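Everything below belongs to entry.cif, which stores mmCIF, C-alpha atoms.
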```
data_protein
#
loop_
_atom_site.label_atom_id
_atom_site.label_comp_id
_atom_site.auth_asym_id
_atom_site.auth_seq_id
_atom_site.Cartn_x
_atom_site.Cartn_y
_atom_site.Cartn_z
CA MET A 26 -26.58 -7.95 -28.93
CA GLY A 27 -24.39 -7.31 -26.03
CA PHE A 28 -24.81 -6.56 -22.40
CA ARG A 29 -26.57 -3.19 -22.45
CA SER A 30 -29.67 -2.72 -20.33
CA PRO A 31 -32.89 -1.61 -22.08
CA LEU A 32 -32.57 1.78 -20.37
CA GLY A 33 -28.98 2.13 -21.50
CA ARG A 34 -30.02 1.30 -25.07
CA ALA A 35 -32.88 3.83 -24.97
CA LEU A 36 -30.68 6.61 -23.61
CA GLY A 37 -28.00 5.79 -26.13
CA LEU A 38 -25.23 6.77 -23.75
CA GLY A 39 -21.91 5.00 -23.66
CA SER A 40 -19.61 4.71 -20.69
CA ALA A 41 -18.10 7.91 -19.33
CA ARG A 42 -14.74 6.61 -20.66
CA SER A 43 -13.16 7.10 -17.26
CA GLY A 44 -13.68 3.72 -15.59
CA PHE A 45 -10.33 2.42 -16.75
CA ALA A 46 -8.30 5.23 -15.15
CA HIS A 47 -8.57 3.99 -11.53
CA TRP A 48 -7.76 0.40 -12.44
CA TRP A 49 -4.81 1.37 -14.65
CA GLY A 50 -3.45 3.92 -12.15
CA GLN A 51 -3.49 1.28 -9.42
CA ARG A 52 -1.52 -1.19 -11.61
CA LEU A 53 0.92 1.41 -12.88
CA SER A 54 1.75 2.66 -9.38
CA ALA A 55 1.99 -0.97 -8.19
CA ALA A 56 4.53 -1.72 -10.92
CA ALA A 57 6.53 1.41 -9.96
CA LEU A 58 6.42 0.46 -6.27
CA VAL A 59 8.04 -2.96 -6.84
CA PRO A 60 11.54 -1.53 -7.56
CA LEU A 61 11.04 1.63 -5.46
CA GLY A 62 9.82 -0.30 -2.41
CA LEU A 63 12.60 -2.87 -2.68
CA TRP A 64 15.19 -0.10 -3.10
CA PHE A 65 13.89 1.63 0.04
CA MET A 66 13.99 -1.54 2.14
CA VAL A 67 17.50 -2.50 0.99
CA SER A 68 18.73 1.08 1.37
CA VAL A 69 17.34 1.42 4.90
CA MET A 70 18.78 -2.00 5.74
CA GLY A 71 22.19 -0.68 4.64
CA LEU A 72 22.12 2.44 6.82
CA PRO A 73 25.01 2.20 9.28
CA SER A 74 22.92 3.57 12.18
CA THR A 75 19.91 5.70 13.03
CA ASP A 76 22.29 8.60 13.78
CA TYR A 77 20.75 11.92 12.68
CA TRP A 78 23.67 13.12 10.53
CA ALA A 79 24.05 9.78 8.76
CA VAL A 80 20.32 9.58 7.98
CA SER A 81 19.96 13.22 6.87
CA ALA A 82 23.01 12.88 4.58
CA TRP A 83 21.47 9.71 3.15
CA ALA A 84 18.05 11.31 2.50
CA GLY A 85 19.54 14.51 1.10
CA SER A 86 21.98 12.98 -1.41
CA PRO A 87 20.77 13.67 -4.98
CA LEU A 88 20.11 10.04 -5.97
CA HIS A 89 18.28 9.18 -2.73
CA ALA A 90 16.28 12.43 -2.78
CA VAL A 91 14.99 11.73 -6.30
CA LEU A 92 14.15 8.11 -5.44
CA LEU A 93 12.44 9.17 -2.18
CA VAL A 94 10.25 11.67 -4.06
CA LEU A 95 9.31 8.97 -6.59
CA LEU A 96 8.63 6.50 -3.78
CA LEU A 97 6.43 8.91 -1.81
CA ALA A 98 4.51 10.01 -4.91
CA SER A 99 3.74 6.46 -6.11
CA LEU A 100 3.09 5.19 -2.58
CA LEU A 101 0.61 7.94 -1.67
CA TYR A 102 -1.09 7.76 -5.09
CA HIS A 103 -1.43 3.97 -4.73
CA SER A 104 -2.62 4.30 -1.10
CA ASN A 105 -5.23 6.89 -2.07
CA LEU A 106 -6.62 4.68 -4.85
CA GLY A 107 -6.64 1.62 -2.59
CA LEU A 108 -8.31 3.32 0.38
CA ARG A 109 -10.92 4.81 -2.00
CA VAL A 110 -12.07 1.29 -2.98
CA VAL A 111 -12.15 0.14 0.65
CA ILE A 112 -14.17 3.20 1.71
CA GLU A 113 -16.59 2.80 -1.21
CA ASP A 114 -17.15 -0.80 -0.10
CA TYR A 115 -17.76 -0.24 3.60
CA VAL A 116 -18.85 3.38 4.17
CA HIS A 117 -22.18 4.65 2.88
CA GLY A 118 -24.17 7.83 2.41
CA ALA A 119 -22.87 11.24 3.39
CA THR A 120 -20.16 9.70 5.63
CA LYS A 121 -18.69 8.09 2.53
CA VAL A 122 -18.31 11.41 0.73
CA VAL A 123 -16.82 13.12 3.78
CA THR A 124 -14.40 10.21 4.41
CA LEU A 125 -13.31 10.14 0.76
CA VAL A 126 -12.66 13.89 0.74
CA LEU A 127 -10.70 13.74 4.03
CA VAL A 128 -8.61 10.79 2.83
CA GLN A 129 -7.86 12.59 -0.42
CA PHE A 130 -6.86 15.79 1.39
CA LEU A 131 -4.67 13.87 3.82
CA HIS A 132 -2.82 12.12 0.99
CA MET A 133 -2.26 15.43 -0.78
CA LEU A 134 -1.00 16.99 2.47
CA LEU A 135 1.41 14.10 3.08
CA ALA A 136 2.70 14.21 -0.50
CA VAL A 137 3.35 17.96 -0.45
CA ALA A 138 4.89 17.90 3.05
CA GLY A 139 7.08 14.89 2.19
CA VAL A 140 8.33 16.28 -1.11
CA TYR A 141 8.96 19.70 0.47
CA ALA A 142 10.98 18.06 3.27
CA ILE A 143 13.12 16.07 0.81
CA VAL A 144 13.81 19.15 -1.33
CA ALA A 145 14.65 21.20 1.78
CA LEU A 146 17.02 18.46 3.03
CA SER A 147 18.67 18.13 -0.35
CA ALA A 148 19.03 21.87 -1.04
CA GLY A 149 19.49 23.14 2.50
CA GLY A 150 22.60 21.07 3.21
CA GLN A 151 21.73 20.07 6.78
CA MET B 24 -37.06 3.31 -1.05
CA THR B 25 -35.87 1.29 1.93
CA THR B 26 -38.44 -1.47 1.36
CA ARG B 27 -37.56 -1.71 -2.30
CA GLN B 28 -33.87 -1.94 -1.48
CA ALA B 29 -34.60 -4.68 1.04
CA ASN B 30 -36.11 -6.86 -1.71
CA ARG B 31 -33.25 -6.48 -4.11
CA PRO B 32 -30.69 -9.27 -4.38
CA LEU B 33 -27.57 -8.66 -2.32
CA SER B 34 -24.09 -9.40 -3.56
CA PRO B 35 -22.52 -12.33 -1.69
CA HIS B 36 -21.26 -11.23 1.70
CA LEU B 37 -18.07 -12.31 3.46
CA GLY B 38 -20.13 -14.40 5.87
CA VAL B 39 -21.41 -16.85 3.25
CA TYR B 40 -18.01 -18.06 2.09
CA ARG B 41 -16.08 -20.99 3.47
CA TRP B 42 -12.62 -19.87 4.57
CA GLN B 43 -9.97 -21.17 2.22
CA ILE B 44 -6.56 -20.04 1.05
CA SER B 45 -7.75 -17.92 -1.90
CA ASN B 46 -10.23 -15.69 -0.07
CA THR B 47 -8.09 -15.53 3.09
CA LEU B 48 -5.10 -14.24 1.10
CA SER B 49 -7.35 -11.79 -0.75
CA ILE B 50 -8.64 -10.33 2.52
CA PHE B 51 -5.07 -10.12 3.85
CA HIS B 52 -4.10 -8.17 0.73
CA ARG B 53 -6.65 -5.54 1.61
CA LEU B 54 -5.83 -5.54 5.34
CA THR B 55 -2.09 -5.20 4.74
CA GLY B 56 -2.81 -2.39 2.26
CA VAL B 57 -4.86 -0.45 4.81
CA ALA B 58 -2.19 -1.05 7.48
CA MET B 59 0.47 0.29 5.14
CA SER B 60 -1.56 3.43 4.43
CA LEU B 61 -1.02 4.12 8.11
CA GLY B 62 2.63 3.20 7.57
CA ALA B 63 2.82 5.78 4.75
CA LEU B 64 1.76 8.40 7.30
CA VAL B 65 4.63 7.37 9.60
CA LEU B 66 7.10 7.16 6.69
CA THR B 67 6.22 10.70 5.63
CA GLY B 68 6.43 11.84 9.26
CA TRP B 69 9.91 10.29 9.46
CA ILE B 70 11.09 12.18 6.35
CA VAL B 71 9.54 15.45 7.59
CA SER B 72 11.20 14.94 10.99
CA ILE B 73 14.62 14.62 9.33
CA ALA B 74 14.08 17.97 7.62
CA ALA B 75 12.77 19.45 10.90
CA GLY B 76 16.07 18.77 12.65
CA PRO B 77 17.76 16.46 15.18
CA ASP B 78 15.30 17.04 18.06
CA ALA B 79 12.16 16.13 16.11
CA TYR B 80 13.99 13.26 14.44
CA LEU B 81 15.24 11.77 17.71
CA ASP B 82 11.76 12.02 19.30
CA LEU B 83 10.30 9.98 16.45
CA VAL B 84 13.18 7.49 16.36
CA ASP B 85 12.86 6.98 20.14
CA ALA B 86 9.11 6.33 19.76
CA LEU B 87 9.77 3.86 16.93
CA GLY B 88 12.53 2.20 18.96
CA SER B 89 10.21 1.49 21.92
CA PRO B 90 8.74 -2.04 22.17
CA PRO B 91 5.36 -1.06 20.63
CA GLY B 92 7.24 0.90 17.95
CA VAL B 93 9.45 -2.05 17.02
CA LEU B 94 6.38 -4.31 16.97
CA ALA B 95 4.64 -1.89 14.57
CA LEU B 96 7.74 -1.69 12.35
CA ALA B 97 7.99 -5.49 12.26
CA GLY B 98 4.29 -5.68 11.39
CA TRP B 99 4.68 -3.13 8.59
CA THR B 100 7.67 -5.08 7.22
CA LEU B 101 5.57 -8.24 7.01
CA CYS B 102 2.69 -6.25 5.47
CA PHE B 103 5.10 -4.77 2.91
CA PHE B 104 6.58 -8.08 1.77
CA TYR B 105 3.18 -9.80 1.76
CA HIS B 106 1.47 -7.02 -0.21
CA LEU B 107 4.46 -6.90 -2.58
CA CYS B 108 4.46 -10.66 -3.30
CA ASN B 109 0.68 -10.92 -3.51
CA GLY B 110 0.61 -7.75 -5.63
CA VAL B 111 2.95 -9.37 -8.15
CA ARG B 112 0.59 -12.38 -8.10
CA HIS B 113 -2.26 -9.97 -8.92
CA LEU B 114 -0.27 -8.45 -11.80
CA PHE B 115 0.19 -11.95 -13.27
CA TRP B 116 -3.58 -12.48 -13.02
CA ASP B 117 -4.11 -9.13 -14.75
CA ALA B 118 -1.92 -10.44 -17.57
CA GLY B 119 -4.23 -13.49 -17.75
CA LYS B 120 -1.81 -15.98 -16.21
CA GLY B 121 -2.18 -18.34 -13.25
CA PHE B 122 -5.97 -18.55 -13.02
CA GLU B 123 -6.26 -22.35 -12.74
CA ILE B 124 -7.23 -23.35 -9.19
CA PRO B 125 -4.16 -25.55 -8.51
CA GLU B 126 -1.89 -22.79 -9.88
CA ALA B 127 -3.61 -20.09 -7.83
CA ARG B 128 -3.30 -22.23 -4.71
CA ARG B 129 0.38 -22.91 -5.38
CA SER B 130 1.14 -19.22 -6.00
CA GLY B 131 -0.76 -18.36 -2.82
CA ILE B 132 1.39 -20.70 -0.73
CA MET B 133 4.48 -19.29 -2.47
CA VAL B 134 3.40 -15.76 -1.48
CA VAL B 135 3.04 -16.72 2.20
CA VAL B 136 6.38 -18.55 2.32
CA THR B 137 8.32 -15.90 0.35
CA SER B 138 6.97 -12.93 2.30
CA THR B 139 7.70 -14.62 5.64
CA LEU B 140 11.26 -15.47 4.53
CA LEU B 141 11.92 -11.95 3.20
CA THR B 142 10.69 -10.43 6.48
CA LEU B 143 12.99 -12.72 8.48
CA VAL B 144 15.98 -11.98 6.22
CA PHE B 145 15.29 -8.23 6.50
CA TRP B 146 15.20 -8.24 10.30
CA ILE B 147 18.18 -10.58 10.67
CA ALA B 148 20.18 -8.21 8.41
CA ILE B 149 19.07 -5.16 10.43
CA LEU B 150 19.86 -6.75 13.79
CA ALA B 151 23.17 -8.19 12.56
CA GLY B 152 24.15 -4.72 11.30
CA ARG B 153 23.30 -3.10 14.63
CA TRP B 154 25.45 -5.38 16.75
CA SER B 155 28.35 -6.08 14.44
#
```
Just give me the structure as structure tokens.
Amino acid sequence: MGFRSPLGRALGLGSARSGFAHWWGQRLSAAALVPLGLWFMVSVMGLPSTDYWAVSAWAGSPLHAVLLVLLLASLLYHSNLGLRVVIEDYVHGATKVVTLVLVQFLHMLLAVAGVYAIVALSAGGQ
Amino acid sequence: MTTRQANRPLSPHLGVYRWQISNTLSIFHRLTGVAMSLGALVLTGWIVSIAAGPDAYLDLVDALGSPPGVLALAGWTLCFFYHLCNGVRHLFWDAGKGFEIPEARRSGIMVVVTSTLLTLVFWIAILAGRWS
């Protein structure tokens, strides 16, 4: 009957019901990044120049600001999940925990700084 | 503890596999993902620099316009298109499609060809736009 270990059967515990979240979050953000990533590439390709005023007007326009926030959020979420797996595979012991925490903090910092910058650009009317 | 761990069976390590298209592309998926995490740092820095004003923005754009900067941008473009195409291949696998070995090999070759072409088209469009 099934794949449970004798210990698992004796303890009578099921899964923690959280194993699916990482896998699903990775797929969901991947699916979101297909259109968002392609939009970003095409949109950047269409910029007339790297001139400051042209680029800041582009990033601050309502449509682009909303899409940029969505792009950054999905990208950093996806990157955090991906790096977590890589770190869990190759880093061990206490270094693993420290690295995971630092990576998580860095992603949070980037997300907050990026979203703040987009909102400031959009609202501040550079 | 250490001696007991030493006797336990190890999961197969990279070193025991023969290099072939499937495992090579799988490793590249991970490598390009890690490279783009670094790219996400630069992308966020770029957005923050726009909000910080022309001076900060121009410093970053100058750095990215230098030969090593352009090389990094070109590398990230290839990483993006590769990870995108191979990611879609993964999503098809998740849906239970394309597992047969000949199919997986064909989709792998398609990923390499498509991502290379998309990178070339992207850079030709950028360069054509700059000098037109």
Closest atom pairs, chain A residues within 7 Å of chain B, all atoms listed in the file, as JSON lines:
```
{"residue": "A:Val59", "atom": "CA", "partner": "B:Leu107", "partner_atom": "CA", "distance": 6.8}
{"residue": "A:Met70", "atom": "CA", "partner": "B:Ile149", "partner_atom": "CA", "distance": 5.7}
{"residue": "A:Tyr77", "atom": "CA", "partner": "B:Pro77", "partner_atom": "CA", "distance": 6.0}
{"residue": "A:Ser81", "atom": "CA", "partner": "B:Ile73", "partner_atom": "CA", "distance": 6.0}
{"residue": "A:Ser104", "atom": "CA", "partner": "B:Ser60", "partner_atom": "CA", "distance": 5.7}
{"residue": "A:Leu108", "atom": "CA", "partner": "B:Val57", "partner_atom": "CA", "distance": 6.8}
{"residue": "A:Leu135", "atom": "CA", "partner": "B:Thr67", "partner_atom": "CA", "distance": 6.4}
{"residue": "A:Ala138", "atom": "CA", "partner": "B:Val71", "partner_atom": "CA", "distance": 6.9}
{"residue": "A:Gly139", "atom": "CA", "partner": "B:Thr67", "partner_atom": "CA", "distance": 5.5}
{"residue": "A:Ala142", "atom": "CA", "partner": "B:Val71", "partner_atom": "CA", "distance": 5.2}
{"residue": "A:Ala145", "atom": "CA", "partner": "B:Ala74", "partner_atom": "CA", "distance": 6.7}
{"residue": "A:Leu146", "atom": "CA", "partner": "B:Ala74", "partner_atom": "CA", "distance": 5.5}
```
B:Ile50 surroundings by only C-alpha atoms, 12 Å radius, close-in-sequence under 4 positions cut, as a list of chain:residue names: A:Val111, B:Leu37, B:Trp42, B:Gln43, B:Ile44, B:Ser45, B:Asn46, B:Leu54, B:Thr55, B:Gly56, B:Val57, B:Tyr105, B:His106, B:Asn109
Which residues, named as in the file, does the PyMOL selection byres ((chain A and resi 46-54) around 9) pick out? Answer as a VMD selection string. (chain A and resid 42 to 45 55 to 59 99 to 100 102 to 104 106 to 107) or (chain B and resid 114 117)
Closest of A:Ser74, A:His117, A:Phe130, A:Ser147 to A:Val91, counting only C-alpha atoms, is A:Ser147
Please determine, counting only C-alpha atoms, which residue among B:Ser138, B:Gly62, B:Ala79, B:Trp116 has the shortest atom-to-atom distance to A:Leu97. B:Gly62
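Across the structure, atom CA of A:Pro87 and atom CA of A:His132 are spaced 24.4 Å apart.
In this model, the gap between atom CA of B:Arg129 and atom CA of B:Leu141 comes to 18.1 Å.
One finds atom CA of A:Leu101 at 21.9 Å from atom CA of B:Gly92.
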